[in-house]
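Colleague: TSV, C-alpha atoms and all ligand atoms, saved as data.tsv, coming up:
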```
chain	number	residue	atom	x	y	z
A	1	MET	CA	107.30	69.16	102.40
A	2	THR	CA	107.28	72.86	101.64
A	3	ALA	CA	104.09	74.73	100.82
A	4	ALA	CA	105.23	74.87	97.18
A	5	ASP	CA	105.69	71.05	97.16
A	6	ILE	CA	102.13	70.62	98.41
A	7	VAL	CA	100.79	72.99	95.76
A	8	ARG	CA	102.67	71.14	93.00
A	9	GLU	CA	101.43	67.80	94.29
A	10	ARG	CA	97.79	68.92	94.25
A	11	ALA	CA	97.72	71.34	91.33
A	12	GLY	CA	100.48	70.09	89.04
A	13	ALA	CA	103.99	71.32	88.52
A	14	ASP	CA	103.50	73.71	85.59
A	15	PRO	CA	104.96	77.10	86.47
A	16	ILE	CA	102.50	79.77	87.52
A	17	ASP	CA	102.76	83.09	85.73
A	18	THR	CA	100.87	85.52	87.92
A	19	GLY	CA	100.01	85.71	91.61
A	20	LEU	CA	96.96	87.62	92.80
A	21	ILE	CA	96.43	88.71	96.37
A	22	LEU	CA	92.87	89.77	97.01
A	23	GLY	CA	91.82	92.46	99.45
A	24	SER	CA	88.80	92.88	101.71
A	25	GLY	CA	85.58	92.00	99.93
A	26	LEU	CA	87.39	91.22	96.66
A	27	GLY	CA	87.65	87.45	97.11
A	28	HIS	CA	85.01	86.45	94.57
A	29	ILE	CA	87.62	86.39	91.78
A	30	ALA	CA	89.16	83.30	93.38
A	31	GLY	CA	85.93	81.43	92.63
A	32	LYS	CA	86.25	82.12	88.91
A	33	ILE	CA	89.49	80.41	88.04
A	34	GLY	CA	88.41	76.75	88.28
A	35	GLY	CA	91.33	74.53	89.22
A	36	VAL	CA	92.32	73.50	92.70
A	37	THR	CA	91.83	75.25	96.05
A	38	ILE	CA	94.01	74.57	99.06
A	39	PRO	CA	93.14	75.91	102.54
A	40	TYR	CA	95.92	77.95	104.09
A	41	SER	CA	95.77	75.53	107.04
A	42	ASP	CA	97.26	72.83	104.75
A	43	LEU	CA	100.18	75.05	103.73
A	44	PRO	CA	103.10	75.42	106.18
A	45	GLY	CA	103.76	79.02	107.12
A	46	PHE	CA	100.59	80.39	105.57
A	47	PRO	CA	98.70	82.76	107.85
A	48	PRO	CA	95.80	81.59	110.00
A	49	ALA	CA	92.28	82.63	109.00
A	50	GLY	CA	91.77	86.14	110.19
A	51	VAL	CA	89.65	89.02	109.06
A	52	SER	CA	86.08	88.75	107.79
A	53	GLY	CA	85.89	89.54	104.09
A	54	HIS	CA	88.95	87.38	103.37
A	55	VAL	CA	88.89	83.71	102.32
A	56	PRO	CA	91.94	81.85	103.65
A	57	GLN	CA	92.67	79.61	100.70
A	58	LEU	CA	95.05	79.44	97.77
A	59	ALA	CA	93.43	78.77	94.41
A	60	ILE	CA	95.47	77.56	91.43
A	61	GLY	CA	93.83	77.73	88.05
A	62	GLU	CA	93.55	79.73	84.84
A	63	LEU	CA	92.15	83.14	84.10
A	64	GLU	CA	92.08	84.34	80.48
A	65	GLY	CA	94.61	81.70	79.47
A	66	VAL	CA	97.15	82.56	82.17
A	67	ARG	CA	98.02	80.16	84.97
A	68	VAL	CA	97.42	82.04	88.17
A	69	ALA	CA	97.73	81.52	91.91
A	70	VAL	CA	95.14	83.46	93.87
A	71	LEU	CA	95.54	84.15	97.55
A	72	GLY	CA	91.93	84.61	98.63
A	73	GLY	CA	92.87	86.43	101.75
A	74	ARG	CA	95.81	88.13	103.35
A	75	ALA	CA	96.91	88.47	106.92
A	76	HIS	CA	97.48	92.02	108.08
A	77	TYR	CA	100.07	93.43	110.41
A	78	TYR	CA	97.31	94.62	112.74
A	79	GLU	CA	96.09	91.07	113.40
A	80	HIS	CA	99.14	89.88	115.34
A	81	GLY	CA	101.65	92.71	115.19
A	82	ASP	CA	103.88	90.80	112.81
A	83	PRO	CA	104.92	92.61	109.60
A	84	THR	CA	106.47	89.38	108.25
A	85	VAL	CA	103.20	87.43	108.42
A	86	MET	CA	102.88	87.14	104.62
A	87	ARG	CA	106.50	86.20	103.98
A	88	PRO	CA	106.01	82.41	103.64
A	89	ALA	CA	103.01	82.86	101.34
A	90	ILE	CA	104.89	85.29	99.11
A	91	GLU	CA	108.00	83.13	99.08
A	92	THR	CA	105.78	80.23	98.01
A	93	LEU	CA	104.59	82.24	95.00
A	94	LYS	CA	108.22	82.77	94.08
A	95	ASP	CA	108.93	79.03	94.52
A	96	LEU	CA	106.04	78.25	92.18
A	97	GLY	CA	107.62	80.31	89.39
A	98	VAL	CA	105.42	83.39	89.71
A	99	GLY	CA	106.96	86.31	87.86
A	100	ALA	CA	104.44	89.00	88.69
A	101	VAL	CA	102.30	89.62	91.74
A	102	LEU	CA	99.19	91.78	91.53
A	103	LEU	CA	98.04	93.02	94.90
A	104	THR	CA	94.58	94.38	95.47
A	105	ASN	CA	93.14	96.17	98.45
A	106	ALA	CA	90.26	98.22	99.68
A	107	ALA	CA	91.25	101.78	100.45
A	108	GLY	CA	90.05	105.19	101.49
A	109	SER	CA	90.51	107.98	98.95
A	110	LEU	CA	92.13	111.33	99.69
A	111	ARG	CA	91.27	112.71	96.27
A	112	THR	CA	87.97	114.32	95.46
A	113	ASN	CA	88.20	113.00	91.88
A	114	VAL	CA	88.57	109.38	93.05
A	115	ALA	CA	85.31	108.26	94.61
A	116	PRO	CA	83.94	105.09	96.20
A	117	GLY	CA	83.61	102.47	93.47
A	118	ASP	CA	86.65	103.76	91.56
A	119	VAL	CA	89.87	101.81	91.12
A	120	MET	CA	93.28	103.43	91.62
A	121	LEU	CA	96.47	102.05	90.15
A	122	ILE	CA	99.23	102.27	92.74
A	123	ALA	CA	102.23	104.11	91.33
A	124	ASP	CA	104.19	104.33	94.57
A	125	HIS	CA	103.66	104.07	98.29
A	126	ILE	CA	104.37	105.78	101.58
A	127	ASN	CA	105.13	103.48	104.47
A	128	PHE	CA	103.40	105.50	107.19
A	129	SER	CA	103.84	102.68	109.73
A	130	GLY	CA	107.61	102.78	110.17
A	131	LEU	CA	107.55	98.97	110.08
A	132	ASN	CA	109.37	96.78	107.61
A	133	PRO	CA	108.99	93.04	106.97
A	134	LEU	CA	112.71	92.73	106.23
A	135	ILE	CA	113.86	93.83	109.68
A	136	GLY	CA	115.82	90.86	111.00
A	137	GLU	CA	116.72	89.56	107.54
A	138	ALA	CA	120.44	88.92	107.88
A	139	THR	CA	121.67	89.07	104.28
A	140	ASP	CA	122.53	92.08	102.16
A	141	ALA	CA	119.50	91.19	100.06
A	142	ARG	CA	117.52	93.14	102.68
A	143	PHE	CA	118.61	96.41	101.07
A	144	VAL	CA	115.85	96.26	98.48
A	145	ASN	CA	115.72	99.07	95.91
A	146	MET	CA	112.19	100.47	96.01
A	147	VAL	CA	112.46	102.77	92.97
A	148	ASP	CA	109.88	101.53	90.44
A	149	ALA	CA	108.75	98.91	92.95
A	150	TYR	CA	105.39	99.07	91.15
A	151	ASP	CA	106.60	97.82	87.79
A	152	PRO	CA	106.28	100.51	85.09
A	153	GLY	CA	105.74	97.92	82.33
A	154	ILE	CA	102.90	96.18	84.18
A	155	ARG	CA	101.42	99.54	85.11
A	156	SER	CA	101.26	100.60	81.49
A	157	ASP	CA	99.75	97.21	80.53
A	158	LEU	CA	97.10	97.70	83.22
A	159	GLN	CA	96.46	101.24	82.00
A	160	ARG	CA	96.03	99.96	78.45
A	161	ALA	CA	93.67	97.24	79.68
A	162	ALA	CA	91.56	99.80	81.55
A	163	THR	CA	91.47	102.18	78.57
A	164	GLU	CA	90.39	99.36	76.25
A	165	GLU	CA	87.55	98.61	78.66
A	166	GLY	CA	86.58	102.28	78.99
A	167	ILE	CA	87.43	102.36	82.70
A	168	ALA	CA	89.16	105.37	84.24
A	169	LEU	CA	92.24	104.24	86.13
A	170	ILE	CA	93.92	107.09	87.96
A	171	GLU	CA	97.45	106.46	89.26
A	172	GLY	CA	98.30	107.48	92.77
A	173	THR	CA	100.31	106.95	95.91
A	174	TYR	CA	99.05	104.49	98.52
A	175	ALA	CA	99.89	105.07	102.17
A	176	TRP	CA	100.10	102.17	104.58
A	177	TYR	CA	98.58	102.93	107.95
A	178	SER	CA	98.87	100.08	110.45
A	179	GLY	CA	95.24	99.96	111.57
A	180	PRO	CA	93.13	98.36	112.88
A	181	SER	CA	91.56	101.63	113.99
A	182	PHE	CA	90.88	103.89	111.05
A	183	GLU	CA	92.81	107.13	110.67
A	184	THR	CA	91.89	110.38	112.34
A	185	PRO	CA	90.99	113.35	110.13
A	186	ALA	CA	94.25	115.00	111.25
A	187	GLU	CA	96.23	111.95	110.13
A	188	ILE	CA	94.49	112.08	106.76
A	189	ARG	CA	95.34	115.79	106.43
A	190	ALA	CA	98.96	114.93	107.26
A	191	LEU	CA	98.98	112.11	104.70
A	192	GLY	CA	97.54	114.48	102.11
A	193	ILE	CA	100.38	116.94	102.71
A	194	LEU	CA	102.84	114.06	102.38
A	195	GLY	CA	101.46	113.18	98.96
A	196	ALA	CA	99.16	110.22	99.60
A	197	ASP	CA	96.18	109.67	97.31
A	198	ALA	CA	94.75	106.61	99.08
A	199	VAL	CA	95.17	104.98	102.46
A	200	GLY	CA	94.84	101.40	103.63
A	201	MET	CA	96.05	98.80	106.09
A	202	SER	CA	97.85	96.33	103.85
A	203	THR	CA	99.82	95.75	100.65
A	204	VAL	CA	103.00	97.70	101.48
A	205	PRO	CA	104.72	94.90	103.45
A	206	GLU	CA	103.77	92.43	100.70
A	207	VAL	CA	105.22	94.69	98.02
A	208	ILE	CA	108.49	94.91	99.93
A	209	LEU	CA	108.57	91.12	100.31
A	210	ALA	CA	107.69	90.45	96.67
A	211	ARG	CA	110.48	92.79	95.54
A	212	PHE	CA	112.83	91.08	98.00
A	213	PHE	CA	112.01	87.77	96.33
A	214	GLY	CA	112.62	89.29	92.89
A	215	MET	CA	109.07	89.29	91.56
A	216	LYS	CA	107.50	92.14	89.63
A	217	VAL	CA	104.70	93.92	91.46
A	218	ALA	CA	101.58	95.90	90.69
A	219	GLY	CA	98.88	97.13	93.02
A	220	LEU	CA	95.27	98.17	92.55
A	221	SER	CA	93.17	99.89	95.19
A	222	VAL	CA	89.40	99.64	95.15
A	223	VAL	CA	88.14	102.80	96.79
A	224	THR	CA	85.41	101.97	99.30
A	225	ASN	CA	85.13	105.35	101.05
A	226	MET	CA	86.50	108.84	101.24
A	227	ALA	CA	89.24	108.94	103.87
A	228	ALA	CA	88.46	110.17	107.39
A	229	GLY	CA	87.19	113.74	107.57
A	230	LEU	CA	86.59	114.04	103.82
A	231	SER	CA	82.97	112.95	103.83
A	232	SER	CA	80.09	112.80	106.27
A	233	GLU	CA	79.71	109.07	105.64
A	234	ALA	CA	80.71	106.90	108.63
A	235	ILE	CA	83.75	104.71	108.01
A	236	SER	CA	83.58	101.08	109.14
A	237	HIS	CA	84.73	97.61	108.12
A	238	GLU	CA	81.12	96.72	107.35
A	239	HIS	CA	80.98	99.68	104.99
A	240	THR	CA	84.27	98.59	103.38
A	241	LYS	CA	82.90	95.10	102.73
A	242	ALA	CA	79.60	96.46	101.46
A	243	MET	CA	81.27	98.91	99.06
A	244	ALA	CA	84.07	96.69	97.75
A	245	PRO	CA	81.87	94.87	95.21
A	246	LEU	CA	81.18	98.21	93.48
A	247	GLY	CA	84.79	98.54	92.40
A	248	ALA	CA	85.41	94.80	92.29
A	249	ALA	CA	83.52	94.44	89.01
A	250	LYS	CA	85.79	97.08	87.42
A	251	LEU	CA	88.82	95.43	88.97
A	252	GLU	CA	87.90	92.07	87.51
A	253	THR	CA	87.31	93.58	84.06
A	254	ILE	CA	90.73	95.25	84.12
A	255	LEU	CA	92.44	92.12	85.42
A	256	ARG	CA	90.85	89.91	82.78
A	257	ARG	CA	91.85	92.21	79.94
A	258	PHE	CA	95.36	92.52	81.38
A	259	LEU	CA	95.76	88.74	81.72
A	260	ALA	CA	94.34	88.10	78.25
A	261	SER	CA	97.05	90.34	76.78
A	262	ARG	CA	99.63	88.70	79.03
A	263	SER	CA	98.65	85.23	77.81
A	264	HIS	CA	99.90	86.26	74.36
A	265	THR	CA	103.21	87.60	75.58
A	266	ALA	CA	103.93	85.62	78.77
A	267	THR	CA	107.13	83.66	78.67
A	268	LYS	CA	106.13	80.31	80.03
A	269	SER	CA	109.40	78.84	81.21
B	1	LIG	N1	91.48	103.66	105.81
B	1	LIG	C1	92.22	102.56	105.97
B	1	LIG	N2	91.94	101.41	105.40
B	1	LIG	C2	90.82	101.36	104.63
B	1	LIG	C3	90.00	102.47	104.44
B	1	LIG	C4	90.36	103.69	105.06
B	1	LIG	O1	89.68	104.72	104.93
B	1	LIG	N3	88.99	102.06	103.62
B	1	LIG	C5	89.20	100.75	103.34
B	1	LIG	N4	90.32	100.31	103.95
```
As structure tokens, how would this structure be written, given the file I've shared?
Modeller:
Amino acid sequence: MTAADIVRERAGADPIDTGLILGSGLGHIAGKIGGVTIPYSDLPGFPPAGVSGHVPQLAIGELEGVRVAVLGGRAHYYEHGDPTVMRPAIETLKDLGVGAVLLTNAAGSLRTNVAPGDVMLIADHINFSGLNPLIGEATDARFVNMVDAYDPGIRSDLQRAATEEGIALIEGTYAWYSGPSFETPAEIRALGILGADAVGMSTVPEVILARFFGMKVAGLSVVTNMAAGLSSEAISHEHTKAMAPLGAAKLETILRRFLASRSHTATKS
């Protein structure tokens, strides 16, 4: 049985409209969708439990009238050195009929006008790692077009949702740094020159994979700290987890409003 077969057996076979992948400290949303939860350990190919702040289970349920699949935790490249680690999980979303994947993460901000507790809508990314989850893929499908990888239609729907809720949602470029050590101040200065607005250790390989599998993508960064060298505050994973809930409430408000509008327009095939 594939992971998708197991999900259908336990959660029913209705197609799932939206997939959510939750970043460090943002997992509480998974607890709000009711439905069925399945530990990753029951799903072939899903990543092993890894980083604190992530909950390794798939939840299938409804949020604001939309059937959603929520990945409570992600595996990161830095855990095992494997950029393809999320491929089976993302392929499973595709197999379940997911049309759009919303990725969330915790990130450091390079912009003085985007502070801890703010949410940034990812407009584009810089792959600062040089890695790619499609290396080794043998078909021509590997040549994925990454122009408008972050779907302009979903981005404008998210912007509208944020505006309706009175939440500022600045768009910016997210840079993927492999981690697990944080960046040096010199690396952050370099990333700033390259055009990055936020930096984090995830999301980019998943975006590439989701585009490879033909799903639409959007990404939201919850800013937990100013990037290295931009503030006197010490950067740590503990700090990330402690600060994530600040932005998580905004994130949830935006997501709910977005999904509520999607429930009116979603094509449920
Ligand atoms: N850098 C990389 N990843 C992060 C950061 C950061 O400053 N904050 C939260 N995740």
Colleague: I need the residue nearest Val101 of chain A from this list: A:Ala162, A:Val70, A:Ala242, A:Ala190. Use only C-alpha atoms for the distance.
Modeller: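 Smallest distance to Val101 of chain A is found for A:Val70.
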Colleague: So which one's closest to Leu169 of chain A, A:Ala141, A:Leu102, A:Ala196, A:Ile254? Using all atoms listed in the file, please.
Modeller: A:Ile254
Colleague: What are the centre and the three edge lengths of an axis-aligned box that wraps all atoms of segment 164-177 of chain A in the file, given that 8 Å is added to every side, written as AutoDock Vina command-line options and rounded to one decimal in Å?
Modeller:
```
--center_x 93.4 --center_y 103.0 --center_z 92.1 --size_x 29.7 --size_y 24.9 --size_z 47.7
```
Colleague: Could you state the separation of atom CA of Arg74 of chain A and atom CA of His264 of chain A in Å, given to one decimal place?
Modeller: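 About the pair atom CA of Arg74 of chain A and atom CA of His264 of chain A: they are 29.3 Å apart.
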Colleague: Can you check which parts of chain A lie within 7 Å of ligand LIG 1 (chain B)? Per residue, the shortest pair of atoms and distance in Å to one decimal, counting only C-alpha atoms and all ligand atoms, sorted by chain and number, as JSON lines.
Modeller:
```
{"residue": "A:Ala106", "atom": "CA", "partner": "B:LIG1", "partner_atom": "C5", "distance": 4.6}
{"residue": "A:Ala107", "atom": "CA", "partner": "B:LIG1", "partner_atom": "C5", "distance": 3.7}
{"residue": "A:Gly108", "atom": "CA", "partner": "B:LIG1", "partner_atom": "O1", "distance": 3.5}
{"residue": "A:Ser109", "atom": "CA", "partner": "B:LIG1", "partner_atom": "O1", "distance": 6.9}
{"residue": "A:Tyr177", "atom": "CA", "partner": "B:LIG1", "partner_atom": "C1", "distance": 6.7}
{"residue": "A:Gly179", "atom": "CA", "partner": "B:LIG1", "partner_atom": "C1", "distance": 6.9}
{"residue": "A:Phe182", "atom": "CA", "partner": "B:LIG1", "partner_atom": "N1", "distance": 5.3}
{"residue": "A:Glu183", "atom": "CA", "partner": "B:LIG1", "partner_atom": "N1", "distance": 6.1}
{"residue": "A:Val199", "atom": "CA", "partner": "B:LIG1", "partner_atom": "N1", "distance": 5.2}
{"residue": "A:Gly200", "atom": "CA", "partner": "B:LIG1", "partner_atom": "N2", "distance": 3.4}
{"residue": "A:Met201", "atom": "CA", "partner": "B:LIG1", "partner_atom": "N2", "distance": 4.9}
{"residue": "A:Val223", "atom": "CA", "partner": "B:LIG1", "partner_atom": "N3", "distance": 6.9}
{"residue": "A:Thr224", "atom": "CA", "partner": "B:LIG1", "partner_atom": "N3", "distance": 5.6}
{"residue": "A:Asn225", "atom": "CA", "partner": "B:LIG1", "partner_atom": "N3", "distance": 5.7}
{"residue": "A:Met226", "atom": "CA", "partner": "B:LIG1", "partner_atom": "O1", "distance": 6.4}
{"residue": "A:Ala227", "atom": "CA", "partner": "B:LIG1", "partner_atom": "O1", "distance": 4.4}
{"residue": "A:Ala228", "atom": "CA", "partner": "B:LIG1", "partner_atom": "O1", "distance": 6.1}
{"residue": "A:Ile235", "atom": "CA", "partner": "B:LIG1", "partner_atom": "O1", "distance": 6.7}
{"residue": "A:Thr240", "atom": "CA", "partner": "B:LIG1", "partner_atom": "C5", "distance": 5.4}
```
Colleague: Of the candidates A:Gly45, A:Gly172, A:Gly97, A:Pro88, which shows the shortest atom-to-atom distance to Arg155 of chain A, using all atoms listed in the file?
Modeller: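 Under the stated criterion, the closest residue is A:Gly172.
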Colleague: In Å, rounded to a single decimal, give me how far atom CA of Ala234 of chain A is from atom CA of Tyr77 of chain A.
Modeller: 23.7 Å
Colleague: Please identify all polymer residues within 12 Å of Ile167 of chain A, counting all atoms listed in the file, omitting same-chain residues fewer than 6 positions from it, and present them as number ranges by chain.
Modeller: A: 117-121, 158-161, 247, 249-255, 257
